[in-house]
Amino acid sequence: MKKQTKAIRTQAKKSLNREHSVPLYLTSSFAFDSAEQGKALFEETEEGNIYSRFSNPNVTEFVEKVCMLENAEDGIATGTGMAAVFASMAGLLKSGDHLVACRALFGSAHQIITQILSKWGITHTYVDATATEAEWEAAMQPNTRMVYLETPSNPGLELVDLAMLGRLKEKYGFILNVDNCFATPILQTPIDFGADLSIHSATKFMDGQGRVLGGIVVGRADLIQPIRFFARHTGPSLSPFNAWVLSKSLETLDLRMERHCRNAQQLAEALDAHEDVARVLYPFLPSHPQFELAKAQMSAGGAIITIELDGGFERIKAFFDALQIATLSSNLGDSRTIVTNPNTTTHAKLKPDEKAALGITPGLVRISVGLEAIEDLIDDFTQAVEKSADVLKEQV
């Protein structure tokens with residue numbers, strides 16, 4: 001049976017009411033049939049729901065679907081994507097451990113590594129996404145416990161060679177932890193390349209319509225167990241309502257990603273051909289420096305495009321003012337096209353040298369391409385590029 005079929009047909013067990021669509025289990029706790037059952041549930045000799053901070057039928061259904069899509073053994077859902085990132089680290093790392101991470105990370109992940117884990121005596125080494133196998137290997141230390149990365153990265157769309165890191169993992173025995181949010185399990189399954197964990201901000205493409213927050217970590221069962229222990233006792237649980245929304249959204253993820261990618265490919269090609277756009281980054285553009293790697297580990301280029309406009313923030317302001325369809329927001333993965341300037345929003349807290357290392361310049365624009373008619377998107381972005389270029393020329 002194909003994954004798309006399983007994503008639609010996987011559901012929580014029907015109740016006595018024989019419902020066709022899974023109901024909402026909006027309850028904080030669950031009753032026991034007997035004192036013996038309560039004892040067995042807490043001793044974990046019997047499976048079942050106790051308290052919605054621990055588990056809930058809606059959350060379980062969502063987790064099972066993502067595990068199926070990612071070819072994972074087990075998983076745990078959280079209230080946000082960053083809660084999933086943090087739980088995957090805090091649940092597995094201890095004082096004295098060393099973390100190797102790709103330098104190209106979302107700003108909050110960078111803050112966790114540098115400002116929070118460091119307080120617990122967990123050290124780190126950053127490696128460029130484009131580093132060679134020898135350079136990654138040089139970053140390994142005797143106490144290296146985990147390698148963490150995003151591919152494609154936010155916002156520079158740099159790729160990391162998953163097969164290469166899978167080989168290094170076999171040699172050094174670290175935990176390979178991959179943020180797969182931008183690709184989604186429709187375009188890329190890191191576990192198939194040797195990853196131990198795959199993380200998502202379910203807020204993004206898994207929801208797909210900007211409605212709810214959520215996160216999830218899936219992977220090896222023996223690693224999910226300590227992550228679950230950490231989350232169970234610290235409480236970053238996913239609400240049943242959000243889990244219900246996300247589970248229903250997974251039924252259309254395959255269809256939505258097909259349209260997202262087709263739109264993004266055509267918009268990237270149109271912007272790449274425009275003389276007033278300084279640079280376009282999109283994994284499936286032949287001009288992308290890692291085009292061949294993208295084709296090797298992704299089935300399509302995804303929904304995110306990053307462009308560079310000359311003229312700094314003044315050009316950005318004119319460009320955003322001229323856009324008529326796209327929404328200005330720091331979110332992504334929506335059915336509606338969204339733009340943001342990472343330099344002043346998602347990565348604003350980074351130091352100037354950190355931004356420079358990631359290629360985050362004042363004129364950078366991250367575009368989350370939506371599901372609108374591609375002709376309308378191309379027309380809108382083209383006229384905004386041209387109007388903002390004219391404004392800049394007038395100022396000069």
# chains A, B, ... in the order shown; residues from 1 in each chain; ligands from 1
>>> closest_atom_pairs(of="segment 96-181 of chain A", to="segment 364-377 of chain A", cutoff="12 Å", atoms="only C-alpha atoms", output="Markdown table")
| residue | atom | partner | partner_atom | distance |
| --- | --- | --- | --- | --- |
| A:Ser153 | CA | A:Arg366 | CA | 11.5 |
| A:Asn154 | CA | A:Arg366 | CA | 8.7 |
| A:Pro155 | CA | A:Arg366 | CA | 6.4 |
| A:Gly156 | CA | A:Arg366 | CA | 8.4 |
| A:Leu157 | CA | A:Arg366 | CA | 9.7 |
>>> write_last_selection(atoms="C-alpha atoms", output="PDB file, in the first residue's frame")
ATOM      1  CA  SER A 153      18.777  25.022   5.644  1.00  0.00           C
ATOM      2  CA  ASN A 154      16.853  28.102   6.754  1.00  0.00           C
ATOM      3  CA  PRO A 155      17.113  30.546   5.002  1.00  0.00           C
ATOM      4  CA  GLY A 156      20.097  29.898   2.717  1.00  0.00           C
ATOM      5  CA  LEU A 157      18.840  26.569   1.314  1.00  0.00           C
TER       6      LEU A 157
END
>>> residues_around(residues="Trp120 of chain A", least_positions_apart="3", cutoff="8 Å", atoms="only C-alpha atoms", output="number ranges by chain")
A: 94-95, 116-117
>>> closest_residue(among="A:Asp196, A:Asp272, A:Asp321, A:Glu314", to="Glu73 of chain A", atoms="only C-alpha atoms")
A:Asp196
>>> residues_around(residues="segment 179-194 of chain A", least_positions_apart="6", cutoff="7 Å", atoms="only C-alpha atoms", output="list in words")
Leu69, Glu70, Asn71, Leu149, Glu150, Thr151, Pro152, Leu162, Ala163, Gly166, His200, Ser201, Asp254, Gln297, Met298, Ser299, Ala300 and Gly302 of chain A
>>> write_last_selection(atoms="C-alpha atoms", output="PDB file, in the first residue's frame")
ATOM      1  CA  LEU A  69       5.808   8.662   6.279  1.00  0.00           C
ATOM      2  CA  GLU A  70       9.353   8.897   7.684  1.00  0.00           C
ATOM      3  CA  ASN A  71       9.989   5.119   7.948  1.00  0.00           C
ATOM      4  CA  LEU A 149      21.571  19.757  10.971  1.00  0.00           C
ATOM      5  CA  GLU A 150      18.896  21.176   8.700  1.00  0.00           C
ATOM      6  CA  THR A 151      18.769  20.251   5.044  1.00  0.00           C
ATOM      7  CA  PRO A 152      17.774  22.331   3.179  1.00  0.00           C
ATOM      8  CA  LEU A 162      23.002  12.816   4.294  1.00  0.00           C
ATOM      9  CA  ALA A 163      24.556   9.678   2.825  1.00  0.00           C
ATOM     10  CA  GLY A 166      25.343   8.255   7.465  1.00  0.00           C
ATOM     11  CA  HIS A 200       9.581  18.705  12.007  1.00  0.00           C
ATOM     12  CA  SER A 201       7.948  21.932  12.907  1.00  0.00           C
ATOM     13  CA  ASP A 254       1.385  14.819  -0.799  1.00  0.00           C
ATOM     14  CA  GLN A 297      18.484  13.052  -1.894  1.00  0.00           C
ATOM     15  CA  MET A 298      15.281  14.983  -2.667  1.00  0.00           C
ATOM     16  CA  SER A 299      12.469  14.116  -5.082  1.00  0.00           C
ATOM     17  CA  ALA A 300      11.678  17.809  -5.762  1.00  0.00           C
ATOM     18  CA  GLY A 302      10.585  22.172  -2.092  1.00  0.00           C
TER      19      GLY A 302
END
>>> atom_distance(atom1="atom CA of Val178 of chain A", atom2="atom CA of Val100 of chain A")
12.0 Å
>>> select_by_dssp(residues="segment 47-245 of chain A", states="alpha helix (DSSP H)", output="PDB file with N, CA and C atoms, in the first residue's frame")
ATOM      1  N   PRO A  57      -5.438   9.944  22.166  1.00  0.00           N
ATOM      2  CA  PRO A  57      -5.713   9.264  20.893  1.00  0.00           C
ATOM      3  C   PRO A  57      -5.447  10.121  19.660  1.00  0.00           C
ATOM      4  N   ASN A  58      -5.769  11.423  19.716  1.00  0.00           N
ATOM      5  CA  ASN A  58      -5.518  12.292  18.570  1.00  0.00           C
ATOM      6  C   ASN A  58      -4.026  12.465  18.321  1.00  0.00           C
ATOM      7  N   VAL A  59      -3.267  12.631  19.393  1.00  0.00           N
ATOM      8  CA  VAL A  59      -1.819  12.797  19.267  1.00  0.00           C
ATOM      9  C   VAL A  59      -1.173  11.512  18.759  1.00  0.00           C
ATOM     10  N   THR A  60      -1.631  10.387  19.291  1.00  0.00           N
ATOM     11  CA  THR A  60      -1.082   9.101  18.871  1.00  0.00           C
ATOM     12  C   THR A  60      -1.314   8.865  17.385  1.00  0.00           C
ATOM     13  N   GLU A  61      -2.494   9.189  16.902  1.00  0.00           N
ATOM     14  CA  GLU A  61      -2.782   9.023  15.478  1.00  0.00           C
ATOM     15  C   GLU A  61      -1.841   9.857  14.625  1.00  0.00           C
ATOM     16  N   PHE A  62      -1.623  11.118  15.018  1.00  0.00           N
ATOM     17  CA  PHE A  62      -0.716  11.993  14.286  1.00  0.00           C
ATOM     18  C   PHE A  62       0.702  11.426  14.264  1.00  0.00           C
ATOM     19  N   VAL A  63       1.178  10.970  15.414  1.00  0.00           N
ATOM     20  CA  VAL A  63       2.527  10.410  15.502  1.00  0.00           C
ATOM     21  C   VAL A  63       2.662   9.177  14.613  1.00  0.00           C
ATOM     22  N   GLU A  64       1.668   8.311  14.642  1.00  0.00           N
ATOM     23  CA  GLU A  64       1.731   7.089  13.837  1.00  0.00           C
ATOM     24  C   GLU A  64       1.804   7.407  12.346  1.00  0.00           C
ATOM     25  N   LYS A  65       1.089   8.429  11.913  1.00  0.00           N
ATOM     26  CA  LYS A  65       1.132   8.807  10.500  1.00  0.00           C
ATOM     27  C   LYS A  65       2.516   9.322  10.109  1.00  0.00           C
ATOM     28  N   VAL A  66       3.103  10.175  10.949  1.00  0.00           N
ATOM     29  CA  VAL A  66       4.422  10.717  10.617  1.00  0.00           C
ATOM     30  C   VAL A  66       5.474   9.613  10.645  1.00  0.00           C
ATOM     31  N   CYS A  67       5.390   8.703  11.614  1.00  0.00           N
ATOM     32  CA  CYS A  67       6.328   7.575  11.651  1.00  0.00           C
ATOM     33  C   CYS A  67       6.238   6.764  10.363  1.00  0.00           C
ATOM     34  N   MET A  68       5.030   6.559   9.886  1.00  0.00           N
ATOM     35  CA  MET A  68       4.842   5.825   8.637  1.00  0.00           C
ATOM     36  C   MET A  68       5.484   6.566   7.472  1.00  0.00           C
ATOM     37  N   LEU A  69       5.264   7.876   7.379  1.00  0.00           N
ATOM     38  CA  LEU A  69       5.808   8.662   6.279  1.00  0.00           C
ATOM     39  C   LEU A  69       7.330   8.736   6.323  1.00  0.00           C
ATOM     40  N   GLU A  70       7.903   8.739   7.525  1.00  0.00           N
ATOM     41  CA  GLU A  70       9.353   8.897   7.684  1.00  0.00           C
ATOM     42  C   GLU A  70      10.094   7.563   7.814  1.00  0.00           C
ATOM     43  N   GLY A  81       7.522  23.295  17.030  1.00  0.00           N
ATOM     44  CA  GLY A  81       8.697  22.730  16.392  1.00  0.00           C
ATOM     45  C   GLY A  81       9.955  22.900  17.227  1.00  0.00           C
ATOM     46  N   MET A  82      10.104  24.064  17.859  1.00  0.00           N
ATOM     47  CA  MET A  82      11.293  24.290  18.676  1.00  0.00           C
ATOM     48  C   MET A  82      11.294  23.416  19.927  1.00  0.00           C
ATOM     49  N   ALA A  83      10.121  23.080  20.441  1.00  0.00           N
ATOM     50  CA  ALA A  83      10.051  22.137  21.558  1.00  0.00           C
ATOM     51  C   ALA A  83      10.561  20.771  21.115  1.00  0.00           C
ATOM     52  N   ALA A  84      10.273  20.395  19.870  1.00  0.00           N
ATOM     53  CA  ALA A  84      10.771  19.129  19.343  1.00  0.00           C
ATOM     54  C   ALA A  84      12.290  19.158  19.200  1.00  0.00           C
ATOM     55  N   VAL A  85      12.815  20.265  18.675  1.00  0.00           N
ATOM     56  CA  VAL A  85      14.272  20.407  18.538  1.00  0.00           C
ATOM     57  C   VAL A  85      14.943  20.310  19.906  1.00  0.00           C
ATOM     58  N   PHE A  86      14.426  21.063  20.879  1.00  0.00           N
ATOM     59  CA  PHE A  86      15.033  21.086  22.208  1.00  0.00           C
ATOM     60  C   PHE A  86      14.934  19.726  22.888  1.00  0.00           C
ATOM     61  N   ALA A  87      13.770  19.085  22.798  1.00  0.00           N
ATOM     62  CA  ALA A  87      13.601  17.783  23.434  1.00  0.00           C
ATOM     63  C   ALA A  87      14.539  16.747  22.833  1.00  0.00           C
ATOM     64  N   SER A  88      14.778  16.827  21.524  1.00  0.00           N
ATOM     65  CA  SER A  88      15.667  15.858  20.881  1.00  0.00           C
ATOM     66  C   SER A  88      17.105  16.008  21.364  1.00  0.00           C
ATOM     67  N   MET A  89      17.454  17.211  21.814  1.00  0.00           N
ATOM     68  CA  MET A  89      18.804  17.438  22.343  1.00  0.00           C
ATOM     69  C   MET A  89      18.852  17.209  23.847  1.00  0.00           C
ATOM     70  N   ALA A  90      17.953  17.856  24.574  1.00  0.00           N
ATOM     71  CA  ALA A  90      17.972  17.778  26.037  1.00  0.00           C
ATOM     72  C   ALA A  90      17.666  16.374  26.540  1.00  0.00           C
ATOM     73  N   GLY A 107      17.561  30.532  13.611  1.00  0.00           N
ATOM     74  CA  GLY A 107      18.085  31.338  14.712  1.00  0.00           C
ATOM     75  C   GLY A 107      17.835  30.753  16.087  1.00  0.00           C
ATOM     76  N   SER A 108      16.640  30.208  16.341  1.00  0.00           N
ATOM     77  CA  SER A 108      16.334  29.673  17.668  1.00  0.00           C
ATOM     78  C   SER A 108      17.141  28.412  17.969  1.00  0.00           C
ATOM     79  N   ALA A 109      17.399  27.585  16.953  1.00  0.00           N
ATOM     80  CA  ALA A 109      18.233  26.404  17.156  1.00  0.00           C
ATOM     81  C   ALA A 109      19.646  26.828  17.534  1.00  0.00           C
ATOM     82  N   HIS A 110      20.130  27.869  16.879  1.00  0.00           N
ATOM     83  CA  HIS A 110      21.451  28.415  17.204  1.00  0.00           C
ATOM     84  C   HIS A 110      21.491  28.899  18.651  1.00  0.00           C
ATOM     85  N   GLN A 111      20.431  29.560  19.090  1.00  0.00           N
ATOM     86  CA  GLN A 111      20.393  30.066  20.467  1.00  0.00           C
ATOM     87  C   GLN A 111      20.366  28.925  21.478  1.00  0.00           C
ATOM     88  N   GLU A 133      33.674  15.577   3.515  1.00  0.00           N
ATOM     89  CA  GLU A 133      33.621  14.495   4.503  1.00  0.00           C
ATOM     90  C   GLU A 133      34.798  14.590   5.469  1.00  0.00           C
ATOM     91  N   ALA A 134      35.969  14.954   4.962  1.00  0.00           N
ATOM     92  CA  ALA A 134      37.146  15.089   5.822  1.00  0.00           C
ATOM     93  C   ALA A 134      36.971  16.216   6.829  1.00  0.00           C
ATOM     94  N   GLU A 135      36.331  17.301   6.405  1.00  0.00           N
ATOM     95  CA  GLU A 135      36.112  18.431   7.319  1.00  0.00           C
ATOM     96  C   GLU A 135      35.086  18.080   8.402  1.00  0.00           C
ATOM     97  N   TRP A 136      34.055  17.350   8.039  1.00  0.00           N
ATOM     98  CA  TRP A 136      33.116  16.871   9.064  1.00  0.00           C
ATOM     99  C   TRP A 136      33.823  15.925  10.027  1.00  0.00           C
ATOM    100  N   GLU A 137      34.641  15.058   9.479  1.00  0.00           N
ATOM    101  CA  GLU A 137      35.344  14.089  10.312  1.00  0.00           C
ATOM    102  C   GLU A 137      36.311  14.780  11.258  1.00  0.00           C
ATOM    103  N   ALA A 138      36.912  15.880  10.799  1.00  0.00           N
ATOM    104  CA  ALA A 138      37.856  16.616  11.644  1.00  0.00           C
ATOM    105  C   ALA A 138      37.172  17.250  12.843  1.00  0.00           C
ATOM    106  N   LEU A 162      23.484  13.749   3.270  1.00  0.00           N
ATOM    107  CA  LEU A 162      23.002  12.816   4.294  1.00  0.00           C
ATOM    108  C   LEU A 162      23.679  11.454   4.186  1.00  0.00           C
ATOM    109  N   ALA A 163      23.904  10.976   2.985  1.00  0.00           N
ATOM    110  CA  ALA A 163      24.556   9.678   2.825  1.00  0.00           C
ATOM    111  C   ALA A 163      25.974   9.706   3.391  1.00  0.00           C
ATOM    112  N   MET A 164      26.667  10.828   3.187  1.00  0.00           N
ATOM    113  CA  MET A 164      28.016  10.964   3.722  1.00  0.00           C
ATOM    114  C   MET A 164      28.006  10.924   5.247  1.00  0.00           C
ATOM    115  N   LEU A 165      27.088  11.665   5.870  1.00  0.00           N
ATOM    116  CA  LEU A 165      27.012  11.657   7.327  1.00  0.00           C
ATOM    117  C   LEU A 165      26.541  10.304   7.852  1.00  0.00           C
ATOM    118  N   GLY A 166      25.731   9.609   7.073  1.00  0.00           N
ATOM    119  CA  GLY A 166      25.343   8.255   7.465  1.00  0.00           C
ATOM    120  C   GLY A 166      26.551   7.331   7.546  1.00  0.00           C
ATOM    121  N   ARG A 167      27.490   7.513   6.629  1.00  0.00           N
ATOM    122  CA  ARG A 167      28.721   6.711   6.675  1.00  0.00           C
ATOM    123  C   ARG A 167      29.564   7.068   7.892  1.00  0.00           C
ATOM    124  N   LEU A 168      29.684   8.376   8.172  1.00  0.00           N
ATOM    125  CA  LEU A 168      30.467   8.806   9.333  1.00  0.00           C
ATOM    126  C   LEU A 168      29.827   8.342  10.630  1.00  0.00           C
ATOM    127  N   LYS A 169      28.510   8.289  10.666  1.00  0.00           N
ATOM    128  CA  LYS A 169      27.819   7.826  11.873  1.00  0.00           C
ATOM    129  C   LYS A 169      28.193   6.378  12.184  1.00  0.00           C
ATOM    130  N   GLU A 170      28.286   5.556  11.140  1.00  0.00           N
ATOM    131  CA  GLU A 170      28.655   4.163  11.353  1.00  0.00           C
ATOM    132  C   GLU A 170      30.067   4.048  11.923  1.00  0.00           C
ATOM    133  N   LYS A 171      30.921   4.987  11.553  1.00  0.00           N
ATOM    134  CA  LYS A 171      32.316   4.950  12.014  1.00  0.00           C
ATOM    135  C   LYS A 171      32.469   5.487  13.426  1.00  0.00           C
ATOM    136  N   TYR A 172      31.751   6.580  13.749  1.00  0.00           N
ATOM    137  CA  TYR A 172      31.970   7.254  15.027  1.00  0.00           C
ATOM    138  C   TYR A 172      30.860   7.021  16.051  1.00  0.00           C
ATOM    139  N   THR A 184      10.023  18.063   4.087  1.00  0.00           N
ATOM    140  CA  THR A 184       8.892  17.211   4.469  1.00  0.00           C
ATOM    141  C   THR A 184       9.195  15.766   4.089  1.00  0.00           C
ATOM    142  N   PRO A 185       8.535  14.803   4.720  1.00  0.00           N
ATOM    143  CA  PRO A 185       8.792  13.399   4.366  1.00  0.00           C
ATOM    144  C   PRO A 185       8.312  13.030   2.962  1.00  0.00           C
ATOM    145  N   ILE A 186       7.597  13.936   2.317  1.00  0.00           N
ATOM    146  CA  ILE A 186       7.173  13.686   0.940  1.00  0.00           C
ATOM    147  C   ILE A 186       8.355  13.787  -0.013  1.00  0.00           C
ATOM    148  N   LEU A 187       9.283  14.712   0.260  1.00  0.00           N
ATOM    149  CA  LEU A 187      10.419  14.952  -0.635  1.00  0.00           C
ATOM    150  C   LEU A 187      11.698  14.284  -0.184  1.00  0.00           C
ATOM    151  N   ALA A 221      13.443   3.738  18.126  1.00  0.00           N
ATOM    152  CA  ALA A 221      12.644   3.594  19.339  1.00  0.00           C
ATOM    153  C   ALA A 221      13.478   3.779  20.599  1.00  0.00           C
ATOM    154  N   ASP A 222      14.732   3.289  20.589  1.00  0.00           N
ATOM    155  CA  ASP A 222      15.553   3.390  21.792  1.00  0.00           C
ATOM    156  C   ASP A 222      15.966   4.830  22.084  1.00  0.00           C
ATOM    157  N   LEU A 223      15.964   5.690  21.062  1.00  0.00           N
ATOM    158  CA  LEU A 223      16.272   7.109  21.277  1.00  0.00           C
ATOM    159  C   LEU A 223      15.013   7.901  21.625  1.00  0.00           C
ATOM    160  N   ILE A 224      13.889   7.510  21.077  1.00  0.00           N
ATOM    161  CA  ILE A 224      12.638   8.200  21.391  1.00  0.00           C
ATOM    162  C   ILE A 224      12.272   8.002  22.859  1.00  0.00           C
ATOM    163  N   GLN A 225      12.628   6.861  23.432  1.00  0.00           N
ATOM    164  CA  GLN A 225      12.263   6.585  24.825  1.00  0.00           C
ATOM    165  C   GLN A 225      12.794   7.643  25.796  1.00  0.00           C
ATOM    166  N   PRO A 226      14.091   8.002  25.792  1.00  0.00           N
ATOM    167  CA  PRO A 226      14.556   9.063  26.694  1.00  0.00           C
ATOM    168  C   PRO A 226      14.018  10.444  26.331  1.00  0.00           C
ATOM    169  N   ILE A 227      13.757  10.683  25.039  1.00  0.00           N
ATOM    170  CA  ILE A 227      13.138  11.950  24.640  1.00  0.00           C
ATOM    171  C   ILE A 227      11.725  12.026  25.214  1.00  0.00           C
ATOM    172  N   ARG A 228      10.996  10.905  25.147  1.00  0.00           N
ATOM    173  CA  ARG A 228       9.640  10.857  25.706  1.00  0.00           C
ATOM    174  C   ARG A 228       9.675  11.087  27.224  1.00  0.00           C
ATOM    175  N   PHE A 229      10.660  10.476  27.904  1.00  0.00           N
ATOM    176  CA  PHE A 229      10.791  10.686  29.353  1.00  0.00           C
ATOM    177  C   PHE A 229      10.987  12.172  29.658  1.00  0.00           C
ATOM    178  N   PHE A 230      11.875  12.817  28.887  1.00  0.00           N
ATOM    179  CA  PHE A 230      12.124  14.242  29.095  1.00  0.00           C
ATOM    180  C   PHE A 230      10.855  15.053  28.869  1.00  0.00           C
ATOM    181  N   ALA A 231      10.161  14.792  27.770  1.00  0.00           N
ATOM    182  CA  ALA A 231       8.965  15.555  27.434  1.00  0.00           C
ATOM    183  C   ALA A 231       7.819  15.279  28.395  1.00  0.00           C
ATOM    184  N   ARG A 232       7.698  14.040  28.813  1.00  0.00           N
ATOM    185  CA  ARG A 232       6.613  13.672  29.740  1.00  0.00           C
ATOM    186  C   ARG A 232       6.722  14.441  31.048  1.00  0.00           C
ATOM    187  N   HIS A 233       7.941  14.668  31.512  1.00  0.00           N
ATOM    188  CA  HIS A 233       8.124  15.309  32.812  1.00  0.00           C
ATOM    189  C   HIS A 233       8.371  16.807  32.727  1.00  0.00           C
ATOM    190  N   THR A 234       8.618  17.327  31.538  1.00  0.00           N
ATOM    191  CA  THR A 234       8.779  18.776  31.395  1.00  0.00           C
ATOM    192  C   THR A 234       7.587  19.420  30.699  1.00  0.00           C
ATOM    193  N   PRO A 240      -4.609  18.019  21.940  1.00  0.00           N
ATOM    194  CA  PRO A 240      -5.401  17.110  21.103  1.00  0.00           C
ATOM    195  C   PRO A 240      -6.018  17.806  19.901  1.00  0.00           C
ATOM    196  N   PHE A 241      -6.481  19.033  20.078  1.00  0.00           N
ATOM    197  CA  PHE A 241      -7.090  19.736  18.948  1.00  0.00           C
ATOM    198  C   PHE A 241      -6.070  19.964  17.839  1.00  0.00           C
ATOM    199  N   ASN A 242      -4.888  20.456  18.204  1.00  0.00           N
ATOM    200  CA  ASN A 242      -3.858  20.685  17.196  1.00  0.00           C
ATOM    201  C   ASN A 242      -3.449  19.384  16.507  1.00  0.00           C
ATOM    202  N   ALA A 243      -3.364  18.307  17.296  1.00  0.00           N
ATOM    203  CA  ALA A 243      -3.016  17.004  16.721  1.00  0.00           C
ATOM    204  C   ALA A 243      -4.086  16.548  15.733  1.00  0.00           C
ATOM    205  N   TRP A 244      -5.343  16.786  16.067  1.00  0.00           N
ATOM    206  CA  TRP A 244      -6.445  16.418  15.167  1.00  0.00           C
ATOM    207  C   TRP A 244      -6.341  17.183  13.849  1.00  0.00           C
ATOM    208  N   VAL A 245      -6.067  18.495  13.926  1.00  0.00           N
ATOM    209  CA  VAL A 245      -5.900  19.307  12.720  1.00  0.00           C
ATOM    210  C   VAL A 245      -4.719  18.795  11.890  1.00  0.00           C
TER     211      VAL A 245
END
>>> select_by_dssp(residues="segment 193-385 of chain A", states="strand (DSSP E)", output="list in words")
Leu197, Ser198, Ile199, His200, Ser201, Gly215, Ile216, Val217, Val218, Gly219, Arg279, Val280, Leu281, Ile304, Ile305, Thr306, Ile307, Glu308, Thr327, Leu328, Ile338, Val339, Thr340, Leu364, Val365, Arg366, Ile367 and Ser368 of chain A
